[in-house]
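**Q** This is coords_1.csv (CSV, C-alpha atoms).
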chain,number,residue,atom,x,y,z
A,101,MET,CA,88.4,85.3,104.5
A,102,GLY,CA,87.9,86.4,100.8
A,103,ARG,CA,88.0,84.2,97.7
A,104,PHE,CA,91.5,85.3,96.9
A,105,ILE,CA,94.5,85.6,99.2
A,106,ASN,CA,95.6,88.9,100.5
A,107,PRO,CA,98.9,89.7,98.6
A,108,PHE,CA,100.1,92.1,101.4
A,109,THR,CA,100.5,89.3,103.9
A,110,ASP,CA,103.9,87.6,104.0
A,111,TYR,CA,102.5,84.3,102.9
A,112,GLY,CA,100.3,85.9,100.2
A,113,PHE,CA,103.1,87.8,98.5
A,114,LYS,CA,105.3,84.8,98.5
A,115,LYS,CA,102.5,82.6,97.2
A,116,ILE,CA,101.9,84.9,94.2
A,117,PHE,CA,105.4,86.1,93.4
A,118,GLY,CA,107.8,83.9,95.3
A,119,GLN,CA,107.6,80.4,93.6
A,120,GLU,CA,109.2,78.9,90.6
A,121,ILE,CA,105.8,77.9,89.3
A,122,SER,CA,104.5,81.4,89.4
A,123,LYS,CA,107.6,83.4,88.5
A,124,ASP,CA,106.2,84.4,85.2
A,125,LEU,CA,103.6,86.5,87.1
A,126,LEU,CA,106.4,88.5,88.6
A,127,ILE,CA,108.2,88.8,85.3
A,128,ASP,CA,105.0,90.1,83.7
A,129,PHE,CA,104.4,92.6,86.5
A,130,LEU,CA,107.9,94.0,86.4
A,131,ASN,CA,107.9,94.2,82.6
A,132,ASP,CA,104.7,96.3,82.9
A,133,LEU,CA,106.4,98.4,85.6
A,134,LEU,CA,109.4,99.1,83.4
A,135,GLU,CA,107.7,99.2,80.1
A,136,GLY,CA,109.8,101.0,77.5
A,137,GLU,CA,112.9,100.7,79.7
A,138,ARG,CA,113.9,97.2,80.4
A,139,VAL,CA,112.8,93.7,79.4
A,140,ILE,CA,113.1,91.0,82.0
A,141,VAL,CA,113.8,87.5,80.6
A,142,ASP,CA,114.4,85.5,83.8
A,143,LEU,CA,114.6,85.7,87.6
A,144,SER,CA,115.8,83.7,90.5
A,145,PHE,CA,115.0,83.7,94.2
A,146,LEU,CA,117.7,84.0,96.8
A,147,ASN,CA,118.2,80.9,98.8
A,148,ASN,CA,118.9,80.8,102.6
A,149,GLU,CA,122.7,80.9,102.1
A,150,GLN,CA,122.4,84.1,100.0
A,151,LEU,CA,120.1,86.0,102.4
A,152,PRO,CA,121.6,89.2,103.9
A,153,GLU,CA,123.6,88.8,107.1
A,154,TRP,CA,122.2,91.6,109.2
A,155,GLU,CA,119.8,91.0,112.1
A,156,ASP,CA,116.1,90.5,111.4
A,157,ALA,CA,116.7,90.6,107.6
A,158,ARG,CA,114.7,87.5,107.0
A,159,ALA,CA,111.6,89.2,108.4
A,160,LEU,CA,112.1,92.4,106.6
A,161,ILE,CA,113.5,91.7,103.2
A,162,TYR,CA,112.4,89.4,100.4
A,163,ASP,CA,115.0,89.3,97.6
A,164,ILE,CA,114.4,88.3,94.0
A,165,TYR,CA,117.1,88.8,91.4
A,166,CYS,CA,115.9,89.5,87.9
A,167,THR,CA,118.0,89.3,84.7
A,168,THR,CA,117.1,91.7,81.8
A,169,ASP,CA,117.8,91.1,78.1
A,170,THR,CA,120.9,93.3,78.5
A,171,GLY,CA,122.3,91.7,81.7
A,172,GLU,CA,121.2,94.1,84.4
A,173,LYS,CA,120.2,92.8,87.8
A,174,ILE,CA,117.0,94.0,89.5
A,175,LEU,CA,116.4,93.5,93.2
A,176,VAL,CA,112.8,93.3,94.1
A,177,GLU,CA,111.9,93.9,97.8
A,178,MET,CA,108.5,93.6,99.3
A,179,GLN,CA,108.0,95.9,102.3
A,180,ASN,CA,104.5,96.4,103.6
A,181,LYS,CA,105.0,97.7,107.2
A,182,SER,CA,105.6,101.4,108.0
A,183,GLN,CA,108.7,101.8,110.1
A,184,ALA,CA,111.3,104.3,111.2
A,185,PHE,CA,114.0,105.2,108.6
A,186,PHE,CA,112.2,103.3,105.8
A,187,LYS,CA,114.0,105.2,103.0
A,188,GLU,CA,117.3,104.6,104.7
A,189,ARG,CA,116.5,100.9,105.0
A,190,ALA,CA,115.6,100.7,101.4
A,191,LEU,CA,118.9,102.4,100.4
A,192,PHE,CA,120.8,100.0,102.7
A,193,TYR,CA,119.2,96.9,101.1
A,194,LEU,CA,120.0,98.2,97.6
A,195,SER,CA,123.6,99.1,98.5
A,196,HIS,CA,124.1,95.7,99.9
A,197,ALA,CA,122.9,94.1,96.6
A,198,VAL,CA,125.4,96.2,94.7
A,199,ALA,CA,128.3,95.3,97.1
A,200,ARG,CA,127.5,91.6,96.8
A,201,GLN,CA,128.6,91.7,93.2
A,202,GLY,CA,132.2,92.5,94.2
A,203,GLN,CA,134.9,90.0,93.3
A,204,LYS,CA,138.3,89.4,94.7
A,205,GLY,CA,141.5,90.0,92.8
A,206,ASP,CA,142.9,92.7,90.5
A,207,ILE,CA,141.2,91.4,87.4
A,208,TRP,CA,137.7,92.7,88.4
A,209,LYS,CA,137.3,96.3,87.5
A,210,PHE,CA,134.0,97.2,89.3
A,211,ASP,CA,131.9,96.1,86.4
A,212,ILE,CA,128.7,96.0,88.4
A,213,LYS,CA,125.2,95.4,87.0
A,214,ALA,CA,122.4,97.8,87.6
A,215,VAL,CA,120.3,97.1,90.7
A,216,TYR,CA,116.7,98.3,91.1
A,217,GLY,CA,114.7,98.3,94.2
A,218,VAL,CA,110.9,98.0,93.8
A,219,PHE,CA,109.2,98.9,97.1
A,220,PHE,CA,105.6,98.1,97.6
A,221,MET,CA,104.3,100.4,100.3
A,222,ASN,CA,100.8,99.8,101.8
A,223,PHE,CA,101.3,103.0,103.8
A,224,LEU,CA,102.4,106.6,103.2
A,225,LEU,CA,105.8,108.1,104.0
A,226,LYS,CA,104.2,111.5,104.2
A,227,ASP,CA,100.7,112.9,103.8
A,228,GLU,CA,101.3,114.4,100.3
A,229,MET,CA,102.8,111.7,98.2
A,230,LYS,CA,102.7,110.5,94.6
A,231,PHE,CA,101.6,106.9,93.8
A,232,ARG,CA,105.0,106.2,92.1
A,233,THR,CA,108.3,107.8,93.0
A,234,ASP,CA,111.4,107.0,90.9
A,235,VAL,CA,114.7,107.8,92.6
A,236,ILE,CA,117.9,107.9,90.5
A,237,LEU,CA,121.5,109.1,90.8
A,238,ALA,CA,121.4,112.5,89.1
A,239,ASP,CA,123.2,115.8,89.0
A,240,ARG,CA,121.5,118.1,91.5
A,241,ASP,CA,121.7,121.2,89.3
A,242,THR,CA,120.9,119.8,85.8
A,243,GLY,CA,118.9,116.7,86.7
A,244,GLU,CA,121.0,114.8,84.2
A,245,LEU,CA,121.5,111.1,85.0
A,246,PHE,CA,124.9,110.6,86.7
A,247,CYS,CA,125.0,106.8,87.1
A,248,ASP,CA,122.5,104.2,86.0
A,249,LYS,CA,123.6,101.5,88.4
A,250,MET,CA,121.1,102.2,91.2
A,251,ARG,CA,117.4,103.0,91.1
A,252,GLN,CA,114.6,102.9,93.6
A,253,ILE,CA,110.9,102.7,92.7
A,254,PHE,CA,108.5,103.4,95.5
A,255,LEU,CA,104.8,102.5,95.0
A,256,ALA,CA,102.5,104.1,97.5
A,257,LEU,CA,99.4,101.9,97.2
A,258,PRO,CA,97.0,104.0,99.3
A,259,VAL,CA,97.4,106.8,96.7
A,260,PHE,CA,96.1,104.6,93.8
A,261,LYS,CA,92.3,105.3,93.6
A,262,LYS,CA,91.3,104.1,90.2
A,263,GLU,CA,88.4,101.7,89.7
A,264,GLU,CA,88.5,98.7,87.4
A,265,SER,CA,87.0,100.5,84.4
A,266,GLU,CA,89.5,103.4,84.8
A,267,CYS,CA,92.7,101.4,84.5
A,268,GLU,CA,94.4,102.3,81.2
A,269,THR,CA,97.6,100.3,81.2
A,270,ASP,CA,98.5,96.8,82.2
A,271,PHE,CA,100.6,98.1,85.1
A,272,GLU,CA,97.5,99.9,86.5
A,273,ARG,CA,95.5,96.7,86.0
A,274,TRP,CA,98.1,94.9,88.1
A,275,ILE,CA,98.0,97.5,90.9
A,276,TYR,CA,94.2,97.5,90.9
A,277,THR,CA,94.1,93.7,91.2
A,278,LEU,CA,96.7,93.5,93.9
A,279,LYS,CA,95.1,96.3,96.0
A,280,ASN,CA,91.6,94.9,95.8
A,281,MET,CA,92.3,91.2,95.5
A,282,GLU,CA,91.1,90.2,99.0
A,283,THR,CA,87.6,91.7,98.3
A,284,LEU,CA,87.2,90.5,94.7
A,285,GLN,CA,84.7,87.8,93.8
A,286,ARG,CA,86.1,87.4,90.3
A,287,MET,CA,89.5,88.0,88.8
A,288,PRO,CA,89.3,91.1,86.4
A,289,PHE,CA,91.1,91.5,83.1
A,290,LYS,CA,91.3,87.8,82.3
A,291,ALA,CA,90.0,88.4,78.8
A,292,ARG,CA,92.6,91.1,78.2
A,293,LYS,CA,95.7,89.2,79.5
A,294,ALA,CA,96.2,85.5,80.2
A,295,VAL,CA,98.5,86.2,83.1
A,296,PHE,CA,95.5,87.2,85.2
A,297,GLU,CA,93.9,83.8,84.6
A,298,LYS,CA,97.0,82.1,86.1
A,299,LEU,CA,96.9,84.6,88.9
A,300,GLU,CA,93.3,83.5,89.6
A,301,GLU,CA,94.4,79.9,89.9
A,302,ILE,CA,97.3,80.6,92.2
A,303,ALA,CA,95.6,83.1,94.4
A,304,ASP,CA,92.3,81.1,94.9
A,305,VAL,CA,92.0,80.3,98.6
A,306,ALA,CA,90.0,77.2,97.7
A,307,SER,CA,93.1,75.7,96.0
A,308,LEU,CA,95.2,75.8,99.2
A,309,ASN,CA,95.8,72.5,100.9
A,310,GLU,CA,95.3,72.1,104.7
A,311,GLU,CA,98.9,73.1,105.6
A,312,GLU,CA,98.9,76.1,103.2
A,313,HIS,CA,95.5,77.2,104.5
A,314,GLU,CA,96.8,77.2,108.1
A,315,LEU,CA,99.9,79.1,107.1
A,316,TYR,CA,97.8,81.7,105.3
A,317,TRP,CA,95.4,82.0,108.2
A,318,LYS,CA,98.3,82.7,110.6
A,319,SER,CA,99.8,85.2,108.1
A,320,ILE,CA,96.5,87.1,107.6
A,321,ASN,CA,95.8,87.2,111.3
A,322,ALA,CA,99.3,88.7,111.9
A,323,TYR,CA,98.6,91.3,109.1
A,324,ARG,CA,95.3,92.3,110.5
A,325,THR,CA,96.7,92.6,114.0
A,326,TYR,CA,99.4,94.9,112.6
A,327,LEU,CA,96.7,97.0,111.0
A,328,CYS,CA,94.8,97.3,114.3
A,329,VAL,CA,98.0,98.3,116.1
A,330,GLN,CA,98.7,100.9,113.5
A,331,GLU,CA,95.2,102.3,113.7
A,332,ALA,CA,95.3,102.4,117.5
A,333,SER,CA,98.6,104.3,117.4
A,334,LYS,CA,97.1,106.8,114.9
A,335,GLU,CA,94.1,107.3,117.2
A,336,GLU,CA,96.4,107.8,120.2
A,337,GLY,CA,98.3,110.4,118.2
A,338,ARG,CA,95.1,112.2,117.2
A,339,GLU,CA,93.9,112.2,120.8
A,340,GLU,CA,97.2,113.5,122.0
A,341,GLY,CA,97.0,116.2,119.4
A,342,ARG,CA,93.5,117.1,120.5
A,343,LYS,CA,94.6,117.2,124.1
A,344,GLU,CA,97.6,119.5,123.2
A,345,GLY,CA,95.2,121.7,121.3
A,346,ARG,CA,92.9,122.0,124.3
A,347,GLU,CA,95.8,122.8,126.6
A,348,GLU,CA,97.1,125.4,124.1
A,349,GLY,CA,93.7,126.9,123.9
A,350,ARG,CA,93.4,127.2,127.7
A,351,GLU,CA,96.9,128.7,127.9
A,352,GLU,CA,96.0,131.3,125.3
A,353,LYS,CA,92.8,132.1,127.2
A,354,ALA,CA,94.7,132.5,130.4
A,355,TYR,CA,97.2,134.9,128.8
A,356,ALA,CA,94.3,137.0,127.3
A,357,ILE,CA,92.7,137.3,130.7
A,358,ALA,CA,96.0,138.2,132.4
A,359,ARG,CA,96.5,141.0,129.9
A,360,THR,CA,93.1,142.4,130.6
A,361,MET,CA,93.5,142.2,134.4
A,362,LYS,CA,97.0,143.7,134.2
A,363,SER,CA,95.7,146.6,132.2
A,364,ASP,CA,93.1,147.2,134.9
A,365,ASN,CA,96.0,147.4,137.4
A,366,ILE,CA,94.9,144.3,139.4
A,367,PRO,CA,97.8,143.0,141.6
A,368,LEU,CA,100.0,140.5,140.0
A,369,GLU,CA,99.5,138.0,142.8
A,370,MET,CA,95.8,138.0,142.3
A,371,ILE,CA,96.2,137.6,138.5
A,372,ALA,CA,98.6,134.7,139.0
A,373,LYS,CA,96.1,133.0,141.4
A,374,TYR,CA,93.2,133.5,139.0
A,375,THR,CA,94.9,132.4,135.8
A,376,GLY,CA,97.5,129.9,137.0
A,377,LEU,CA,100.3,131.8,135.3
A,378,SER,CA,103.6,132.7,137.0
A,379,ILE,CA,104.4,136.2,138.2
A,380,GLU,CA,107.3,136.2,135.8
A,381,ALA,CA,105.1,135.4,132.8
A,382,ILE,CA,102.5,138.0,133.8
A,383,THR,CA,105.3,140.7,134.3
A,384,ALA,CA,106.6,140.0,130.8
A,385,LEU,CA,103.2,140.7,129.2
Please go through the file and, once you have read it, give me the structure as structure tokens.
**A**
Amino acid sequence: MGRFINPFTDYGFKKIFGQEISKDLLIDFLNDLLEGERVIVDLSFLNNEQLPEWEDARALIYDIYCTTDTGEKILVEMQNKSQAFFKERALFYLSHAVARQGQKGDIWKFDIKAVYGVFFMNFLLKDEMKFRTDVILADRDTGELFCDKMRQIFLALPVFKKEESECETDFERWIYTLKNMETLQRMPFKARKAVFEKLEEIADVASLNEEEHELYWKSINAYRTYLCVQEASKEEGREEGRKEGREEGREEKAYAIARTMKSDNIPLEMIAKYTGLSIEAITAL
């Protein structure tokens, strides 16, 4: 166990970003993320009564509503596990946050606030992917913004490769710290920004009491088990690919031999017996 908690465990993320005492950390992170666009002035955490109704939502979604200086609402969702239909799930979460703003009666005229989804991904949706992908509602032909009420920001953490000295913006410093936190022996960037000093205090494993330590230990074990399962699945896929490649190679070799034997007018039955190909396949050559 490192000096600082792993922010990609369920417990770690909530410890850093999910408490009233540390909400200024999340406000700072999101303001760096949206620098030049929005200024977040406050945020609130959804209580149990406000959590989504669908099955397994508690395990998959972590909602935080942020208020900007112009009144928009931003939904932050931490998702760390690769799963089928991830993009569709992200859209569903965001759509639900929009729909929850609805009010009964004729007085309400669909005056919804903008909803943002910020999705931390400690995995890749595809092999070739940018670190940051911003999705907006825009005209397909012109690219012009059609509606500013929904936006998705996907952060593919494995793509971020910068070292500490290479980070140029406060947002990059945040990403570097979060990505490397479990292996750090000191908290970087404290001299540059006071928020990292507070992060050091909150994320220090030594500051956890006995109950918190136990919860974190269970969370990190679950996370590491998940990583092992993922790696095992990838290795099975690679081995299956190698197996299929070998089988394809053998099949191609059999067809090549069959063509040569057929050109030498060797009986089809003998070719079939030697190569394992069917008479129909050999005849079609």
**Q** Could you check which of A:Val176, A:Leu126, A:Leu299, A:Val141 is closest to Arg251 in chain A, using all atoms listed in the file?
**A**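 Of all the options, A:Val176 lies closest to Arg251 in chain A.
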**Q** Go ahead and compute the interatomic distance for CA of Asp227 in chain A and CA of Val259 in chain A, in Å to one decimal.
**A**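 Distance reported for this atom pair: 9.9 Å.
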**Q** Can you tell me, as a PyMOL selection string, what residues are no more than 12 Å from Cys247 in chain A when counting all atoms listed in the file, ignoring any on the same chain fewer than 5 positions away?
**A** chain A and resi 212-215+235-239
**Q** Can you report as AutoDock Vina command-line options the centre and edge lengths in Å, to one decimal, of an axis-aligned box around the listed atoms of range 142-145 of chain A padded with 3 Å on each side?
**A**
--center_x 115.1 --center_y 84.7 --center_z 89.0 --size_x 7.4 --size_y 8.0 --size_z 16.4
**Q** Do a neighbour search on range 368-370 of chain A at 10 Å with all atoms listed in the file, toss out local chain neighbours closer than 4 positions, and write the hits as a PDB file with C-alpha atoms, keeping the file's coordinate frame.
**A**
ATOM      1  CA  ALA A 358      96.000 138.200 132.400  1.00  0.00           C
ATOM      2  CA  MET A 361      93.500 142.200 134.400  1.00  0.00           C
ATOM      3  CA  LYS A 362      97.000 143.700 134.200  1.00  0.00           C
ATOM      4  CA  TYR A 374      93.200 133.500 139.000  1.00  0.00           C
ATOM      5  CA  THR A 375      94.900 132.400 135.800  1.00  0.00           C
ATOM      6  CA  GLY A 376      97.500 129.900 137.000  1.00  0.00           C
ATOM      7  CA  LEU A 377     100.300 131.800 135.300  1.00  0.00           C
ATOM      8  CA  SER A 378     103.600 132.700 137.000  1.00  0.00           C
ATOM      9  CA  ILE A 379     104.400 136.200 138.200  1.00  0.00           C
ATOM     10  CA  GLU A 380     107.300 136.200 135.800  1.00  0.00           C
ATOM     11  CA  ILE A 382     102.500 138.000 133.800  1.00  0.00           C
ATOM     12  CA  THR A 383     105.300 140.700 134.300  1.00  0.00           C
TER      13      THR A 383
END
**Q** Could you work out how far CA of Phe296 in chain A lies from CA of Gly217 in chain A, giving the answer in Å with one decimal?
**A**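 The value is 23.9 Å.
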**Q** Return the single residue from A:Arg286, A:Lys209, A:Lys318, A:Arg232 that is closest to Ala303 in chain A, with distances computed using all atoms listed in the file.
**A** A:Arg286
**Q** By how many Å are CA of Arg138 in chain A and CA of Thr170 in chain A apart?
**A**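 About the pair CA of Arg138 in chain A and CA of Thr170 in chain A: they are 8.2 Å apart.
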**Q** Using only C-alpha atoms, can you tell me which of A:Met250, A:Ile275, A:Ala190, A:Val198 comes closest to Leu130 in chain A?
**A**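 Of the candidates, the smallest distance to Leu130 in chain A is held by A:Ile275.
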**Q** Which is closest to Glu314 in chain A among A:Tyr111, A:Met281, A:Leu134, A:Lys249, if we use all atoms listed in the file?
**A**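 Closest to Glu314 in chain A, using all atoms listed in the file: A:Tyr111.
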**Q** May I ask which of the residues A:Glu188, A:Asp169, A:Glu312, A:Asp270 is the closest one to Ile105 in chain A, counting only C-alpha atoms?
**A**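 Looking only at the distances to Ile105 in chain A, the closest residue turns out to be A:Glu312.
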**Q** May I ask which of the residues A:Val295, A:Leu225, A:Ile357, A:Leu308 is the closest one to Ile127 in chain A, counting all atoms listed in the file?
**A** A:Val295
**Q** Give me the residues within 8 Å of Phe108 in chain A as a PyMOL selection string, counting only C-alpha atoms and dropping any in the same chain fewer than 3 places off.
**A** chain A and resi 112-113+180+222+323
**Q** Can range 183-203 of chain A be brought up to N, CA, C and O atoms and written out as a PDB file, in the frame of the given file?
**A**
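Below you can see selection-v2.pdb, which holds the result:
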ATOM      1  N   GLN A 183     107.728 101.840 109.062  1.00  0.00           N
ATOM      2  CA  GLN A 183     108.700 101.800 110.100  1.00  0.00           C
ATOM      3  C   GLN A 183     109.630 102.964 110.046  1.00  0.00           C
ATOM      4  O   GLN A 183     109.690 103.642 109.022  1.00  0.00           O
ATOM      5  N   ALA A 184     110.343 103.217 111.131  1.00  0.00           N
ATOM      6  CA  ALA A 184     111.300 104.300 111.200  1.00  0.00           C
ATOM      7  C   ALA A 184     112.382 104.131 110.138  1.00  0.00           C
ATOM      8  O   ALA A 184     112.811 103.004 109.904  1.00  0.00           O
ATOM      9  N   PHE A 185     112.819 105.213 109.521  1.00  0.00           N
ATOM     10  CA  PHE A 185     114.000 105.200 108.600  1.00  0.00           C
ATOM     11  C   PHE A 185     113.705 104.260 107.406  1.00  0.00           C
ATOM     12  O   PHE A 185     114.617 103.568 106.953  1.00  0.00           O
ATOM     13  N   PHE A 186     112.471 104.243 106.893  1.00  0.00           N
ATOM     14  CA  PHE A 186     112.200 103.300 105.800  1.00  0.00           C
ATOM     15  C   PHE A 186     113.027 103.613 104.566  1.00  0.00           C
ATOM     16  O   PHE A 186     113.558 102.698 103.936  1.00  0.00           O
ATOM     17  N   LYS A 187     113.173 104.896 104.206  1.00  0.00           N
ATOM     18  CA  LYS A 187     114.000 105.200 103.000  1.00  0.00           C
ATOM     19  C   LYS A 187     115.419 104.837 103.221  1.00  0.00           C
ATOM     20  O   LYS A 187     116.073 104.368 102.282  1.00  0.00           O
ATOM     21  N   GLU A 188     115.923 104.998 104.436  1.00  0.00           N
ATOM     22  CA  GLU A 188     117.300 104.600 104.700  1.00  0.00           C
ATOM     23  C   GLU A 188     117.479 103.095 104.635  1.00  0.00           C
ATOM     24  O   GLU A 188     118.489 102.600 104.111  1.00  0.00           O
ATOM     25  N   ARG A 189     116.489 102.360 105.142  1.00  0.00           N
ATOM     26  CA  ARG A 189     116.500 100.900 105.000  1.00  0.00           C
ATOM     27  C   ARG A 189     116.540 100.459 103.580  1.00  0.00           C
ATOM     28  O   ARG A 189     117.285  99.558 103.184  1.00  0.00           O
ATOM     29  N   ALA A 190     115.671 101.095 102.783  1.00  0.00           N
ATOM     30  CA  ALA A 190     115.600 100.700 101.400  1.00  0.00           C
ATOM     31  C   ALA A 190     116.938 100.976 100.681  1.00  0.00           C
ATOM     32  O   ALA A 190     117.399 100.151  99.872  1.00  0.00           O
ATOM     33  N   LEU A 191     117.592 102.086 100.992  1.00  0.00           N
ATOM     34  CA  LEU A 191     118.900 102.400 100.400  1.00  0.00           C
ATOM     35  C   LEU A 191     119.930 101.364 100.880  1.00  0.00           C
ATOM     36  O   LEU A 191     120.786 100.928 100.098  1.00  0.00           O
ATOM     37  N   PHE A 192     119.853 100.965 102.133  1.00  0.00           N
ATOM     38  CA  PHE A 192     120.800 100.000 102.700  1.00  0.00           C
ATOM     39  C   PHE A 192     120.646  98.638 101.955  1.00  0.00           C
ATOM     40  O   PHE A 192     121.629  98.001 101.578  1.00  0.00           O
ATOM     41  N   TYR A 193     119.394  98.191 101.763  1.00  0.00           N
ATOM     42  CA  TYR A 193     119.200  96.900 101.100  1.00  0.00           C
ATOM     43  C   TYR A 193     119.769  96.979  99.662  1.00  0.00           C
ATOM     44  O   TYR A 193     120.428  96.044  99.207  1.00  0.00           O
ATOM     45  N   LEU A 194     119.528  98.089  98.975  1.00  0.00           N
ATOM     46  CA  LEU A 194     120.000  98.200  97.600  1.00  0.00           C
ATOM     47  C   LEU A 194     121.523  98.278  97.541  1.00  0.00           C
ATOM     48  O   LEU A 194     122.150  97.674  96.669  1.00  0.00           O
ATOM     49  N   SER A 195     122.112  99.018  98.450  1.00  0.00           N
ATOM     50  CA  SER A 195     123.600  99.100  98.500  1.00  0.00           C
ATOM     51  C   SER A 195     124.216  97.785  98.745  1.00  0.00           C
ATOM     52  O   SER A 195     125.263  97.460  98.177  1.00  0.00           O
ATOM     53  N   HIS A 196     123.579  96.999  99.599  1.00  0.00           N
ATOM     54  CA  HIS A 196     124.100  95.700  99.900  1.00  0.00           C
ATOM     55  C   HIS A 196     124.068  94.787  98.656  1.00  0.00           C
ATOM     56  O   HIS A 196     124.983  93.995  98.408  1.00  0.00           O
ATOM     57  N   ALA A 197     122.999  94.932  97.865  1.00  0.00           N
ATOM     58  CA  ALA A 197     122.900  94.100  96.600  1.00  0.00           C
ATOM     59  C   ALA A 197     123.982  94.520  95.642  1.00  0.00           C
ATOM     60  O   ALA A 197     124.485  93.670  94.899  1.00  0.00           O
ATOM     61  N   VAL A 198     124.357  95.792  95.603  1.00  0.00           N
ATOM     62  CA  VAL A 198     125.400  96.200  94.700  1.00  0.00           C
ATOM     63  C   VAL A 198     126.769  95.657  95.238  1.00  0.00           C
ATOM     64  O   VAL A 198     127.570  95.116  94.461  1.00  0.00           O
ATOM     65  N   ALA A 199     127.007  95.756  96.546  1.00  0.00           N
ATOM     66  CA  ALA A 199     128.300  95.300  97.100  1.00  0.00           C
ATOM     67  C   ALA A 199     128.493  93.815  96.956  1.00  0.00           C
ATOM     68  O   ALA A 199     129.634  93.359  96.816  1.00  0.00           O
ATOM     69  N   ARG A 200     127.408  93.044  96.949  1.00  0.00           N
ATOM     70  CA  ARG A 200     127.500  91.600  96.800  1.00  0.00           C
ATOM     71  C   ARG A 200     128.064  91.163  95.460  1.00  0.00           C
ATOM     72  O   ARG A 200     128.422  90.003  95.268  1.00  0.00           O
ATOM     73  N   GLN A 201     128.081  92.086  94.520  1.00  0.00           N
ATOM     74  CA  GLN A 201     128.600  91.700  93.200  1.00  0.00           C
ATOM     75  C   GLN A 201     130.132  91.798  93.154  1.00  0.00           C
ATOM     76  O   GLN A 201     130.745  91.389  92.171  1.00  0.00           O
ATOM     77  N   GLY A 202     130.755  92.322  94.206  1.00  0.00           N
ATOM     78  CA  GLY A 202     132.200  92.500  94.200  1.00  0.00           C
ATOM     79  C   GLY A 202     132.941  91.142  94.106  1.00  0.00           C
ATOM     80  O   GLY A 202     132.473  90.113  94.594  1.00  0.00           O
ATOM     81  N   GLN A 203     134.079  91.179  93.454  1.00  0.00           N
ATOM     82  CA  GLN A 203     134.900  90.000  93.300  1.00  0.00           C
ATOM     83  C   GLN A 203     136.326  90.258  93.740  1.00  0.00           C
ATOM     84  O   GLN A 203     136.822  91.375  93.640  1.00  0.00           O
TER      85      GLN A 203
END
